[in-house]
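Shown below: start-v4.cif, with mmCIF, C-alpha atoms and all ligand atoms.
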```
data_data
loop_
_atom_site.label_atom_id
_atom_site.label_comp_id
_atom_site.auth_asym_id
_atom_site.auth_seq_id
_atom_site.Cartn_x
_atom_site.Cartn_y
_atom_site.Cartn_z
CA MET B 7 101.95 75.73 100.66
CA LYS B 8 102.18 78.35 97.97
CA LYS B 9 99.44 80.49 96.48
CA ILE B 10 99.62 80.65 92.71
CA GLY B 11 97.51 82.88 90.50
CA ILE B 12 96.57 81.78 86.97
CA PHE B 13 95.59 84.50 84.53
CA GLY B 14 94.80 83.48 80.97
CA GLY B 15 93.69 85.53 77.99
CA SER B 16 94.47 86.47 74.41
CA PHE B 17 96.40 89.62 75.37
CA ASP B 18 95.94 90.92 71.84
CA PRO B 19 97.28 93.35 72.94
CA VAL B 20 97.93 93.42 76.71
CA HIS B 21 96.66 96.62 78.38
CA LEU B 22 96.67 98.18 81.86
CA GLY B 23 93.35 96.50 82.71
CA HIS B 24 95.19 93.18 82.50
CA THR B 25 98.28 94.14 84.46
CA ARG B 26 96.21 95.90 87.16
CA ILE B 27 94.09 92.79 87.69
CA ALA B 28 97.21 90.61 87.91
CA GLU B 29 98.85 92.95 90.41
CA SER B 30 95.70 93.32 92.51
CA ALA B 31 95.34 89.56 92.71
CA LEU B 32 98.96 89.33 93.80
CA ASN B 33 98.55 91.94 96.54
CA GLU B 34 94.96 91.48 97.72
CA LEU B 35 95.19 87.70 97.93
CA ASN B 36 98.83 87.55 99.06
CA LEU B 37 99.80 85.30 96.17
CA ASP B 38 103.36 84.12 95.67
CA LYS B 39 103.07 84.81 91.98
CA VAL B 40 100.68 85.24 89.10
CA ILE B 41 101.32 83.22 85.97
CA ILE B 42 100.08 85.05 82.89
CA ILE B 43 99.19 82.60 80.14
CA PRO B 44 98.55 83.88 76.62
CA ALA B 45 96.21 81.64 74.61
CA ALA B 46 97.46 79.73 71.59
CA ASP B 47 96.57 80.94 68.14
CA PRO B 48 93.26 79.34 67.22
CA PRO B 49 93.91 76.22 65.11
CA HIS B 50 92.31 77.60 61.99
CA LYS B 51 92.80 81.21 62.90
CA LYS B 52 89.26 82.27 62.21
CA GLY B 53 90.29 85.90 62.37
CA LYS B 54 89.77 85.86 66.12
CA LEU B 55 93.24 86.88 67.14
CA SER B 56 94.96 89.34 64.95
CA LEU B 57 98.52 88.88 66.16
CA ASP B 58 100.68 85.77 66.25
CA ALA B 59 101.64 84.26 69.58
CA HIS B 60 105.18 85.56 69.70
CA SER B 61 104.23 89.15 69.04
CA ARG B 62 101.68 88.89 71.85
CA ILE B 63 104.30 87.40 74.16
CA SER B 64 106.82 90.12 73.30
CA MET B 65 104.27 92.75 74.29
CA LEU B 66 103.54 90.93 77.55
CA HIS B 67 107.24 90.87 78.39
CA LYS B 68 107.39 94.64 77.91
CA ALA B 69 104.23 95.17 79.95
CA ILE B 70 105.45 93.28 83.04
CA GLU B 71 109.05 94.45 82.89
CA GLY B 72 110.20 95.22 86.44
CA LYS B 73 106.97 93.97 88.04
CA LYS B 74 107.84 91.43 90.73
CA GLY B 75 105.62 88.38 91.12
CA LEU B 76 104.29 88.33 87.56
CA GLU B 77 105.55 85.81 85.07
CA ILE B 78 104.58 84.60 81.61
CA SER B 79 104.03 81.00 80.61
CA THR B 80 103.89 79.76 77.03
CA MET B 81 102.23 76.49 78.03
CA GLU B 82 99.04 77.08 76.07
CA ILE B 83 100.96 78.18 73.02
CA LYS B 84 103.18 75.13 73.19
CA ARG B 85 100.17 72.89 73.71
CA GLY B 86 98.53 74.40 70.63
CA GLY B 87 94.96 73.66 69.59
CA VAL B 88 92.07 75.32 71.41
CA SER B 89 93.24 76.81 74.70
CA TYR B 90 90.77 75.21 77.11
CA SER B 91 91.34 76.53 80.62
CA TYR B 92 90.65 73.20 82.29
CA LEU B 93 93.64 71.69 80.41
CA THR B 94 95.82 74.50 81.70
CA VAL B 95 94.62 73.92 85.26
CA GLU B 96 95.28 70.20 84.82
CA GLU B 97 98.84 70.91 83.70
CA LEU B 98 99.49 73.36 86.52
CA ARG B 99 98.00 71.01 89.11
CA LYS B 100 100.74 68.53 88.18
CA VAL B 101 103.41 71.18 88.67
CA TYR B 102 101.88 72.43 91.95
CA PRO B 103 100.24 69.35 93.50
CA GLU B 104 100.09 70.73 97.05
CA ASP B 105 99.53 74.41 96.41
CA GLU B 106 96.53 76.70 96.31
CA LEU B 107 95.57 77.72 92.78
CA TYR B 108 93.68 80.95 92.13
CA PHE B 109 91.97 81.22 88.78
CA ILE B 110 91.76 84.93 87.96
CA ILE B 111 88.99 86.24 85.70
CA GLY B 112 87.17 89.47 84.97
CA TYR B 113 83.52 89.68 86.07
CA ASP B 114 82.52 89.76 82.41
CA SER B 115 84.04 86.31 81.86
CA LEU B 116 82.19 84.90 84.86
CA ILE B 117 78.98 85.46 82.90
CA ASP B 118 79.66 82.54 80.61
CA PHE B 119 81.77 80.45 82.98
CA LYS B 120 79.10 77.73 82.90
CA GLU B 121 79.49 77.43 79.13
CA TRP B 122 83.20 76.66 79.40
CA LYS B 123 84.52 73.14 79.02
CA ASN B 124 84.60 71.35 82.39
CA PRO B 125 83.85 74.33 84.66
CA ASP B 126 83.31 71.90 87.54
CA TYR B 127 86.92 70.75 87.31
CA ILE B 128 88.26 74.31 87.30
CA ALA B 129 86.07 75.22 90.28
CA SER B 130 87.11 72.12 92.21
CA GLU B 131 90.84 72.75 91.75
CA CYS B 132 90.93 76.54 91.98
CA ILE B 133 89.59 79.40 93.99
CA LEU B 134 87.97 81.79 91.52
CA ALA B 135 89.33 85.32 91.88
CA VAL B 136 86.95 87.68 90.12
CA ALA B 137 87.84 91.25 89.22
CA ILE B 138 84.68 93.23 89.81
CA ARG B 139 83.51 96.62 88.67
CA GLY B 140 83.47 99.05 91.58
CA ASN B 141 84.07 98.15 95.21
CA GLU B 142 81.20 95.76 95.81
CA PRO B 143 79.61 93.17 93.55
CA ASP B 144 76.24 94.30 92.21
CA ASP B 145 73.06 92.23 92.45
CA ASP B 146 73.53 90.55 89.09
CA LEU B 147 77.02 89.46 89.95
CA ASN B 148 75.95 88.22 93.39
CA LYS B 149 73.22 86.14 91.78
CA MET B 150 75.62 84.71 89.24
CA SER B 151 78.21 83.88 91.89
CA ASP B 152 75.58 82.15 94.05
CA ASP B 153 74.56 80.10 91.04
CA ILE B 154 78.16 79.03 90.36
CA ARG B 155 78.73 78.27 94.04
CA ALA B 156 75.60 76.14 94.11
CA SER B 157 76.41 74.32 90.86
CA TYR B 158 80.06 73.50 91.51
CA GLY B 159 80.74 74.22 95.16
CA ALA B 160 82.99 76.99 93.91
CA ASP B 161 84.97 79.23 96.24
CA ILE B 162 84.70 82.75 94.80
CA LYS B 163 86.70 85.74 95.99
CA TYR B 164 86.37 89.27 94.67
CA LEU B 165 89.24 91.53 93.67
CA LYS B 166 88.63 95.17 94.42
CA CYS B 167 90.99 96.73 91.92
CA PRO B 168 89.33 99.54 90.00
CA TRP B 169 87.98 98.15 86.75
CA THR B 170 89.73 99.62 83.74
CA ASN B 171 87.18 100.41 81.12
CA ILE B 172 89.07 99.37 78.02
CA SER B 173 89.07 96.38 75.70
CA SER B 174 91.70 94.94 73.44
CA HIS B 175 89.19 95.18 70.61
CA LYS B 176 88.91 98.93 71.09
CA ILE B 177 92.71 99.22 71.20
CA ARG B 178 93.11 97.30 67.93
CA GLU B 179 90.58 99.60 66.29
CA CYS B 180 92.47 102.68 67.48
CA PHE B 181 95.79 101.43 66.13
CA LYS B 182 94.12 100.53 62.87
CA ASN B 183 92.68 104.02 62.52
CA GLY B 184 95.63 105.89 63.97
CA ASN B 185 93.68 107.25 66.99
CA ILE B 186 96.33 106.29 69.47
CA ASP B 187 95.74 109.23 71.83
CA GLU B 188 92.35 107.77 72.68
CA ILE B 189 93.87 104.74 74.34
CA ARG B 190 97.25 106.01 75.48
CA GLU B 191 96.27 106.22 79.16
CA TYR B 192 95.23 102.56 79.18
CA MET B 193 98.49 101.15 77.93
CA ASP B 194 102.12 100.72 78.88
CA LYS B 195 104.10 103.17 76.79
CA ASN B 196 106.67 100.58 75.77
CA VAL B 197 103.90 98.35 74.46
CA ILE B 198 102.53 101.26 72.43
CA LYS B 199 105.98 101.82 71.00
CA MET B 200 106.32 98.17 70.10
CA ILE B 201 102.97 98.19 68.29
CA GLU B 202 103.87 101.34 66.38
CA ASP B 203 107.38 100.15 65.48
CA ASN B 204 106.06 96.87 64.13
CA GLY B 205 102.97 98.29 62.46
CA TYR B 206 100.79 95.81 64.36
CA TYR B 207 97.02 96.12 63.83
CA LYS B 208 97.47 98.34 60.79
CA GLU B 209 95.30 97.53 57.88
CA GLN B 210 97.35 95.82 55.22
CA GLN B 211 97.49 97.80 52.07
CA LYS B 212 96.05 95.67 49.35
CA LYS B 213 98.20 95.79 46.28
CA THR B 214 97.95 92.91 43.89
CA ILE B 215 101.19 92.15 42.24
CA PHE B 216 99.90 90.26 39.32
CA GLU B 217 97.18 92.69 38.29
CA ASN B 218 98.39 96.18 38.91
CA ASN B 219 101.99 95.86 39.80
CA THR B 220 103.38 93.55 37.17
CA SER B 221 105.45 96.24 35.53
CA TYR B 222 106.67 97.43 38.90
CA TYR B 223 108.07 94.02 39.73
CA VAL B 224 109.48 93.48 36.26
CA ASN B 225 111.29 96.82 36.44
CA LEU B 226 112.53 96.04 39.90
CA GLU B 227 113.87 92.67 38.82
CA GLU B 228 115.66 94.26 35.87
CA LYS B 229 117.26 96.87 38.04
CA LEU B 230 118.41 94.22 40.51
CA LYS B 231 119.86 92.14 37.70
CA GLU B 232 122.18 95.03 36.90
CA LYS B 233 123.22 95.53 40.50
CA LEU B 234 123.83 91.89 41.42
CA ASP B 235 126.01 89.15 40.00
CA VAL B 236 124.38 86.13 38.35
CA GLN B 237 124.38 83.92 41.43
CA ARG B 238 123.18 86.64 43.75
CA TYR B 239 120.35 87.45 41.36
CA ALA B 240 119.27 83.79 41.21
CA HIS B 241 119.44 83.62 45.01
CA THR B 242 117.37 86.82 45.23
CA LEU B 243 114.57 85.39 43.09
CA GLY B 244 114.72 82.20 45.16
CA VAL B 245 114.30 84.15 48.38
CA ALA B 246 111.48 86.29 46.94
CA TYR B 247 109.41 83.31 45.81
CA THR B 248 110.15 81.23 48.90
CA ALA B 249 109.09 84.22 51.02
CA THR B 250 105.81 84.53 49.09
CA ALA B 251 105.10 80.85 49.67
CA LEU B 252 105.73 81.26 53.40
CA ALA B 253 103.52 84.36 53.40
CA MET B 254 100.71 82.31 51.82
CA ARG B 255 101.19 79.60 54.42
CA TYR B 256 101.15 82.02 57.36
CA GLU B 257 98.48 84.37 55.98
CA GLN B 258 100.74 87.38 55.61
CA SER B 259 100.91 89.91 52.80
CA VAL B 260 102.29 88.18 49.71
CA ASP B 261 103.27 91.52 48.19
CA ASP B 262 105.29 92.58 51.20
CA ALA B 263 107.08 89.22 51.19
CA MET B 264 107.84 89.57 47.47
CA LEU B 265 109.22 93.07 47.86
CA ALA B 266 111.28 92.30 50.96
CA GLY B 267 112.61 89.11 49.35
CA LEU B 268 113.62 90.87 46.14
CA LEU B 269 115.36 93.67 47.98
CA HIS B 270 116.92 91.86 50.94
CA ASP B 271 120.39 91.56 49.35
CA CYS B 272 120.23 94.67 47.15
CA ALA B 273 123.42 96.01 48.78
CA LYS B 274 125.23 92.68 48.84
CA CYS B 275 127.32 93.30 45.73
CA ASN B 276 128.55 96.70 46.90
CA SER B 277 131.98 96.83 48.49
CA ASP B 278 132.05 96.78 52.29
CA ASN B 279 133.48 100.29 52.32
CA GLU B 280 130.69 101.55 50.11
CA ASN B 281 128.09 100.12 52.50
CA ILE B 282 129.86 101.46 55.58
CA LYS B 283 130.04 104.91 54.02
CA LEU B 284 126.36 104.72 53.10
CA LEU B 285 125.47 104.30 56.77
CA GLU B 286 128.08 106.72 58.12
CA ASP B 287 126.93 109.48 55.75
CA ARG B 288 123.45 109.19 57.21
CA GLY B 289 124.62 109.06 60.81
CA LEU B 290 123.28 105.53 61.19
CA GLU B 291 124.78 103.29 63.82
CA ILE B 292 127.42 100.75 62.86
CA THR B 293 128.18 98.45 65.77
CA GLU B 294 131.60 97.23 66.77
CA ALA B 295 130.66 93.78 65.56
CA GLU B 296 129.71 95.19 62.16
CA TYR B 297 133.00 97.04 61.79
CA LYS B 298 134.72 93.73 62.56
CA ASN B 299 132.64 91.74 60.04
CA ALA B 300 131.84 94.33 57.43
CA GLN B 301 129.91 91.71 55.43
CA LEU B 302 127.12 92.07 57.98
CA VAL B 303 126.60 95.69 56.98
CA HIS B 304 124.92 94.73 53.68
CA ALA B 305 121.68 94.14 55.60
CA LYS B 306 121.40 97.66 57.07
CA ALA B 307 122.73 99.21 53.88
CA GLY B 308 120.10 97.22 51.96
CA ALA B 309 117.35 98.80 54.04
CA VAL B 310 118.72 102.28 53.25
CA LEU B 311 118.85 101.57 49.52
CA ALA B 312 115.40 99.96 49.57
CA LYS B 313 114.06 103.21 50.94
CA GLU B 314 116.08 105.71 48.97
CA GLU B 315 116.59 104.00 45.63
CA TYR B 316 113.64 101.68 45.40
CA GLY B 317 111.07 103.88 47.14
CA VAL B 318 109.97 101.44 49.84
CA ASP B 319 108.67 103.21 52.93
CA ASP B 320 106.88 100.40 54.74
CA GLU B 321 108.79 100.05 58.01
CA ASN B 322 107.98 96.35 58.33
CA ILE B 323 109.55 95.62 54.94
CA LEU B 324 112.59 97.75 55.75
CA ALA B 325 112.99 95.98 59.10
CA ALA B 326 112.84 92.58 57.37
CA ILE B 327 115.72 93.64 55.12
CA ARG B 328 117.64 95.21 58.01
CA THR B 329 117.53 92.08 60.19
CA HIS B 330 117.85 89.39 57.54
CA THR B 331 121.44 88.41 58.38
CA THR B 332 121.54 88.33 62.20
CA GLY B 333 117.83 88.16 62.97
CA ALA B 334 116.55 90.12 65.97
CA PRO B 335 114.65 89.28 69.14
CA GLY B 336 110.88 89.69 68.74
CA MET B 337 110.79 89.72 64.96
CA THR B 338 107.54 90.35 63.08
CA MET B 339 106.12 87.58 60.89
CA LEU B 340 107.60 89.21 57.79
CA GLN B 341 111.03 89.52 59.40
CA LYS B 342 110.95 85.83 60.29
CA ILE B 343 109.77 84.88 56.82
CA ILE B 344 112.65 86.70 55.13
CA TYR B 345 115.15 85.36 57.66
CA VAL B 346 114.03 81.80 56.97
CA ALA B 347 113.55 82.17 53.20
CA ASP B 348 117.13 83.45 52.90
CA TYR B 349 118.35 80.19 54.36
CA ILE B 350 116.08 77.64 52.67
CA GLU B 351 115.55 79.04 49.16
CA PRO B 352 115.99 76.48 46.33
CA ALA B 353 119.47 77.57 45.23
CA ARG B 354 120.98 76.92 48.66
CA THR B 355 122.74 73.57 48.94
CA LYS B 356 124.11 73.70 52.46
CA PRO B 357 123.72 72.55 55.21
CA LYS B 358 123.00 68.80 55.37
CA HIS B 359 119.73 69.07 57.25
CA LEU B 360 118.26 71.51 54.73
CA ASP B 361 115.45 69.19 53.60
CA GLU B 362 114.24 68.73 57.14
CA LEU B 363 114.49 72.46 57.79
CA ARG B 364 112.48 73.27 54.67
CA LYS B 365 109.64 71.14 55.97
CA ILE B 366 109.79 72.67 59.44
CA ALA B 367 109.69 76.17 57.95
CA PHE B 368 106.21 75.41 56.64
CA THR B 369 104.94 73.82 59.85
CA ASP B 370 106.58 75.86 62.62
CA LEU B 371 108.22 79.12 61.59
CA ASP B 372 109.63 79.88 65.04
CA ALA B 373 111.24 76.48 65.31
CA ALA B 374 112.83 77.09 61.90
CA VAL B 375 114.19 80.45 63.08
CA ALA B 376 115.67 78.85 66.20
CA LEU B 377 117.23 75.98 64.23
CA ILE B 378 118.80 78.27 61.64
CA LEU B 379 120.32 80.42 64.37
CA LYS B 380 121.62 77.33 66.09
CA SER B 381 123.39 76.02 63.01
CA THR B 382 124.66 79.49 62.05
CA LEU B 383 126.22 79.86 65.49
CA GLU B 384 127.77 76.39 65.26
CA TYR B 385 129.19 77.25 61.85
CA LEU B 386 130.62 80.56 63.09
CA LYS B 387 132.22 78.86 66.08
CA LYS B 388 133.69 76.10 63.95
CA THR B 389 135.17 78.55 61.46
CA LYS B 390 136.28 80.86 64.30
CA LYS B 391 134.41 83.83 62.88
CA PRO B 392 133.43 86.64 65.26
CA ILE B 393 129.82 86.38 66.43
CA ASP B 394 127.60 89.44 66.32
CA PRO B 395 125.93 89.85 69.74
CA THR B 396 122.60 90.27 67.94
CA THR B 397 122.90 86.79 66.44
CA GLN B 398 123.54 85.38 69.91
CA GLU B 399 120.69 87.37 71.52
CA THR B 400 118.28 86.34 68.79
CA PHE B 401 119.18 82.71 69.26
CA GLU B 402 118.61 82.93 73.01
CA TYR B 403 115.29 84.71 72.48
CA TYR B 404 113.86 82.10 70.12
CA ASP B 405 115.43 79.20 71.93
CA THR B 406 113.84 80.14 75.28
CA ILE B 407 110.46 81.12 73.88
CA ARG B 408 110.27 77.96 71.91
CA PHE B 409 111.79 75.34 74.13
CA GLU B 410 111.56 76.65 77.70
O1 LIG B 501 123.51 87.49 52.15
P1 LIG B 501 123.31 86.01 52.15
O2 LIG B 501 124.55 85.26 51.85
O3 LIG B 501 122.18 85.60 51.32
O4 LIG B 501 122.87 85.60 53.62
P2 LIG B 501 123.05 86.43 54.97
O5 LIG B 501 122.73 87.83 54.74
O6 LIG B 501 122.26 85.69 56.00
O7 LIG B 501 124.55 86.29 55.29
C1 LIG B 501 124.96 85.00 55.59
C2 LIG B 501 126.28 85.03 56.24
O8 LIG B 501 126.23 85.85 57.39
C3 LIG B 501 126.61 83.63 56.68
O9 LIG B 501 127.87 83.28 56.16
C4 LIG B 501 126.65 83.71 58.15
C5 LIG B 501 126.93 85.17 58.37
N1 LIG B 501 126.53 85.59 59.69
C6 LIG B 501 125.33 85.55 60.31
N2 LIG B 501 125.43 85.95 61.58
C7 LIG B 501 126.74 86.26 61.77
C8 LIG B 501 127.45 86.04 60.57
N3 LIG B 501 128.77 86.25 60.43
C9 LIG B 501 129.46 86.68 61.47
N4 LIG B 501 130.76 86.90 61.36
N5 LIG B 501 128.84 86.91 62.68
C10 LIG B 501 127.51 86.73 62.88
O10 LIG B 501 127.00 86.92 63.99
FE FE B 502 122.11 88.76 52.92
FE FE B 503 120.38 86.51 51.02
#
```
Whole structure, structure tokens version:
Amino acid sequence: MKKIGIFGGSFDPVHLGHTRIAESALNELNLDKVIIIPAADPPHKKGKLSLDAHSRISMLHKAIEGKKGLEISTMEIKRGGVSYSYLTVEELRKVYPEDELYFIIGYDSLIDFKEWKNPDYIASECILAVAIRGNEPDDDLNKMSDDIRASYGADIKYLKCPWTNISSHKIRECFKNGNIDEIREYMDKNVIKMIEDNGYYKEQQKKTIFENNTSYYVNLEEKLKEKLDVQRYAHTLGVAYTATALAMRYEQSVDDAMLAGLLHDCAKCNSDNENIKLLEDRGLEITEAEYKNAQLVHAKAGAVLAKEEYGVDDENILAAIRTHTTGAPGMTMLQKIIYVADYIEPARTKPKHLDELRKIAFTDLDAAVALILKSTLEYLKKTKKPIDPTTQETFEYYDTIRFE
């Protein structure tokens, strides 16, 4: 018989309070493993979670790197809808019919345990492992536990790990306001780096294209028209407007999508040597794969030009341009939007399954990313073109997250 810990939450973002509870449960209760289960995005995204599921998962992967006995499950995300815990327990009970399940929660969640859906089922299938504040439960907690024991015959065990006095809400506020030093000690440093690199939790700058920025976009389009050939310019507009539509669908900044879409191929009509020199002059890395397929370099060169010639300094927009050809593991929403828009925009005629893919792009962006990578890899293999390791890694990343 195995002992399996179940630890659900939004993890928006994950912090040391979470990982300490998971590790304490593992050690104090001698569990075989703890399955960390990030909740799905709420169906109508009532502003409750501020980051999409895959960004939250990417942070979790960083946070548990090298920690034995902890694993991440995407079952609630794949199930979608409201992430009711009893459904998760039901699913896990099928996977572990004979084993002991430990449902791990913080003492603060125990307070409204009775308000959950089907608490009796959870209590009948699982031992409740409650992370308490301090070494002993206080009177209030004892009373509450007695009540839950009496109501559901629950078996409640206490975890003695020191309570970490931090909340994800507080962390989001600090990233929004740039007060990162306040929360540094409560977070894994790689997770902090990931949040900073992606600009997660930053307030979106509100620019409205069609009121204030009309002339900016008109000028930009005119400049691009000079730099690109006729087809590339038509493709560029197609990507920009497809990207804005996807941004509307996925509640992202329409302006950022417009700008990234317009600029994504701004270096495409340069010669390969010109683009290579552009990067070399700035000491930027060109990988072996890129030297072999110099066409790939237009993406990185595009990001350089976007910054230097078109004055874009938003790192998320630059990243979307930089990764638009190969993709990258753990892309931001904007990166995924540009990656997909590039492939499905109206002027594209290949491949055969394009109509289907266009629909999927508007229902499941991650599935669209995975499918595009799959058919790109098939095409590259068929035409015996060298495959950039990043393309392969990105495919594996989205394929496992999505379909594991
Ligand atoms: O610039 P676009 O034509 O709009 O589109 P893009 O920047 O996505 O480039 C598309 C081309 O890039 C397409 O022919 C497939 C190719 N590509 C993507 N990943 C790889 C690759 N080519 C090679 N050789 N290796 C890759 O890993
Ligand atoms: Fe391109
Ligand atoms: Fe393109």
Non-local contacts of Lys39 of chain B (6 Å; only C-alpha atoms; under 2 positions in same chain excluded) as a PyMOL selection string: chain B and resi 10+37+75-76
Within 8 Å of ligand FE 503 (chain B) (all atoms listed in the file), residues as a PyMOL selection string: chain B and resi 238+241-242+245+270-271+330-331+348-349
Using the selection just defined, write its residues with C-alpha atoms as a short mmCIF file (atom, residue, chain, number, x, y, z; two decimals), keeping the file's coordinate frame.
```
data_model
loop_
_atom_site.label_atom_id
_atom_site.label_comp_id
_atom_site.auth_asym_id
_atom_site.auth_seq_id
_atom_site.Cartn_x
_atom_site.Cartn_y
_atom_site.Cartn_z
CA ARG B 238 123.18 86.64 43.75
CA HIS B 241 119.44 83.62 45.01
CA THR B 242 117.37 86.82 45.23
CA VAL B 245 114.30 84.15 48.38
CA HIS B 270 116.92 91.86 50.94
CA ASP B 271 120.39 91.56 49.35
CA HIS B 330 117.85 89.39 57.54
CA THR B 331 121.44 88.41 58.38
CA ASP B 348 117.13 83.45 52.90
CA TYR B 349 118.35 80.19 54.36
#
```
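With all atoms listed in the file as the basis for measurement, B:Ser174 is the residue among B:Gln341, B:Thr250, B:Ser174, B:Ser277 that approaches Arg62 of chain B most closely.
Around ligand LIG 501 (chain B), using only C-alpha atoms and all ligand atoms and a cut-off of 7 Å, the residues in contact are Asp271, Lys274, Asn299, Leu302, Ala305, His330, Thr331, Thr332, Asp348, Tyr349, Thr382, Leu386, Lys391, Pro392, Ile393, Asp394, Pro395, Thr396 and Thr397 of chain B.
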Radius query 10 Å about (97.5, 102.1, 75.4), atoms used: only C-alpha atoms, as JSON, numbers by chain: {"B": [19, 20, 21, 22, 172, 174, 177, 178, 180, 181, 186, 187, 188, 189, 190, 191, 192, 193, 194, 195, 196, 197, 198, 199, 201]}
List as an mmCIF file with C-alpha atoms, in the coordinates of the input the protein and nucleic acid residues near Gln258 of chain B, meaning an atom at most 12 Å away when all atoms listed in the file are counted, but skip any in the same chain fewer than 6 places from it.
```cif
data_model
loop_
_atom_site.group_PDB
_atom_site.id
_atom_site.type_symbol
_atom_site.label_atom_id
_atom_site.label_comp_id
_atom_site.auth_asym_id
_atom_site.auth_seq_id
_atom_site.Cartn_x
_atom_site.Cartn_y
_atom_site.Cartn_z
ATOM 1 C CA SER B 56 94.960 89.340 64.950
ATOM 2 C CA LEU B 57 98.520 88.880 66.160
ATOM 3 C CA ASP B 58 100.680 85.770 66.250
ATOM 4 C CA GLU B 209 95.300 97.530 57.880
ATOM 5 C CA GLN B 210 97.350 95.820 55.220
ATOM 6 C CA GLN B 211 97.490 97.800 52.070
ATOM 7 C CA LYS B 212 96.050 95.670 49.350
ATOM 8 C CA ALA B 249 109.090 84.220 51.020
ATOM 9 C CA THR B 250 105.810 84.530 49.090
ATOM 10 C CA ALA B 251 105.100 80.850 49.670
ATOM 11 C CA LEU B 252 105.730 81.260 53.400
ATOM 12 C CA MET B 264 107.840 89.570 47.470
ATOM 13 C CA ASN B 322 107.980 96.350 58.330
ATOM 14 C CA THR B 338 107.540 90.350 63.080
ATOM 15 C CA MET B 339 106.120 87.580 60.890
ATOM 16 C CA LEU B 340 107.600 89.210 57.790
ATOM 17 C CA GLN B 341 111.030 89.520 59.400
ATOM 18 C CA LYS B 342 110.950 85.830 60.290
ATOM 19 C CA ILE B 343 109.770 84.880 56.820
ATOM 20 C CA ILE B 344 112.650 86.700 55.130
#
```
B:Lys176, B:Lys123, B:Arg288, B:Lys306 ranked by distance to ligand FE 502 (chain B), top pick (using only C-alpha atoms and all ligand atoms): B:Lys306
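Atom pair atom CA of Gly112 of chain B / atom CA of Ile27 of chain B: separated by 8.1 Å.
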Shell around Asn124 of chain B at 12 Å using all atoms listed in the file, local window under 2 positions removed, as a PyMOL selection string: chain B and resi 90-96+119-122+126-131+158
Centre and edges of the segment 277-283 of chain B box, axis-aligned, 4 Å extra per side, as lines of an AutoDock Vina configuration file:
```
center_x = 130.8
center_y = 100.8
center_z = 52.0
size_x = 13.4
size_y = 16.1
size_z = 15.1
```
Among the residues B:Leu284, B:Leu269, B:Ala367, B:Val310, the one that comes closest to ligand FE 502 (chain B) [using only C-alpha atoms and all ligand atoms]: B:Leu269
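Take atom CA of Ile366 of chain B and atom CA of Ile43 of chain B: the distance between them is 25.3 Å.
Note that atom CA of Ala374 of chain B and atom CA of Tyr404 of chain B are 9.7 Å apart.
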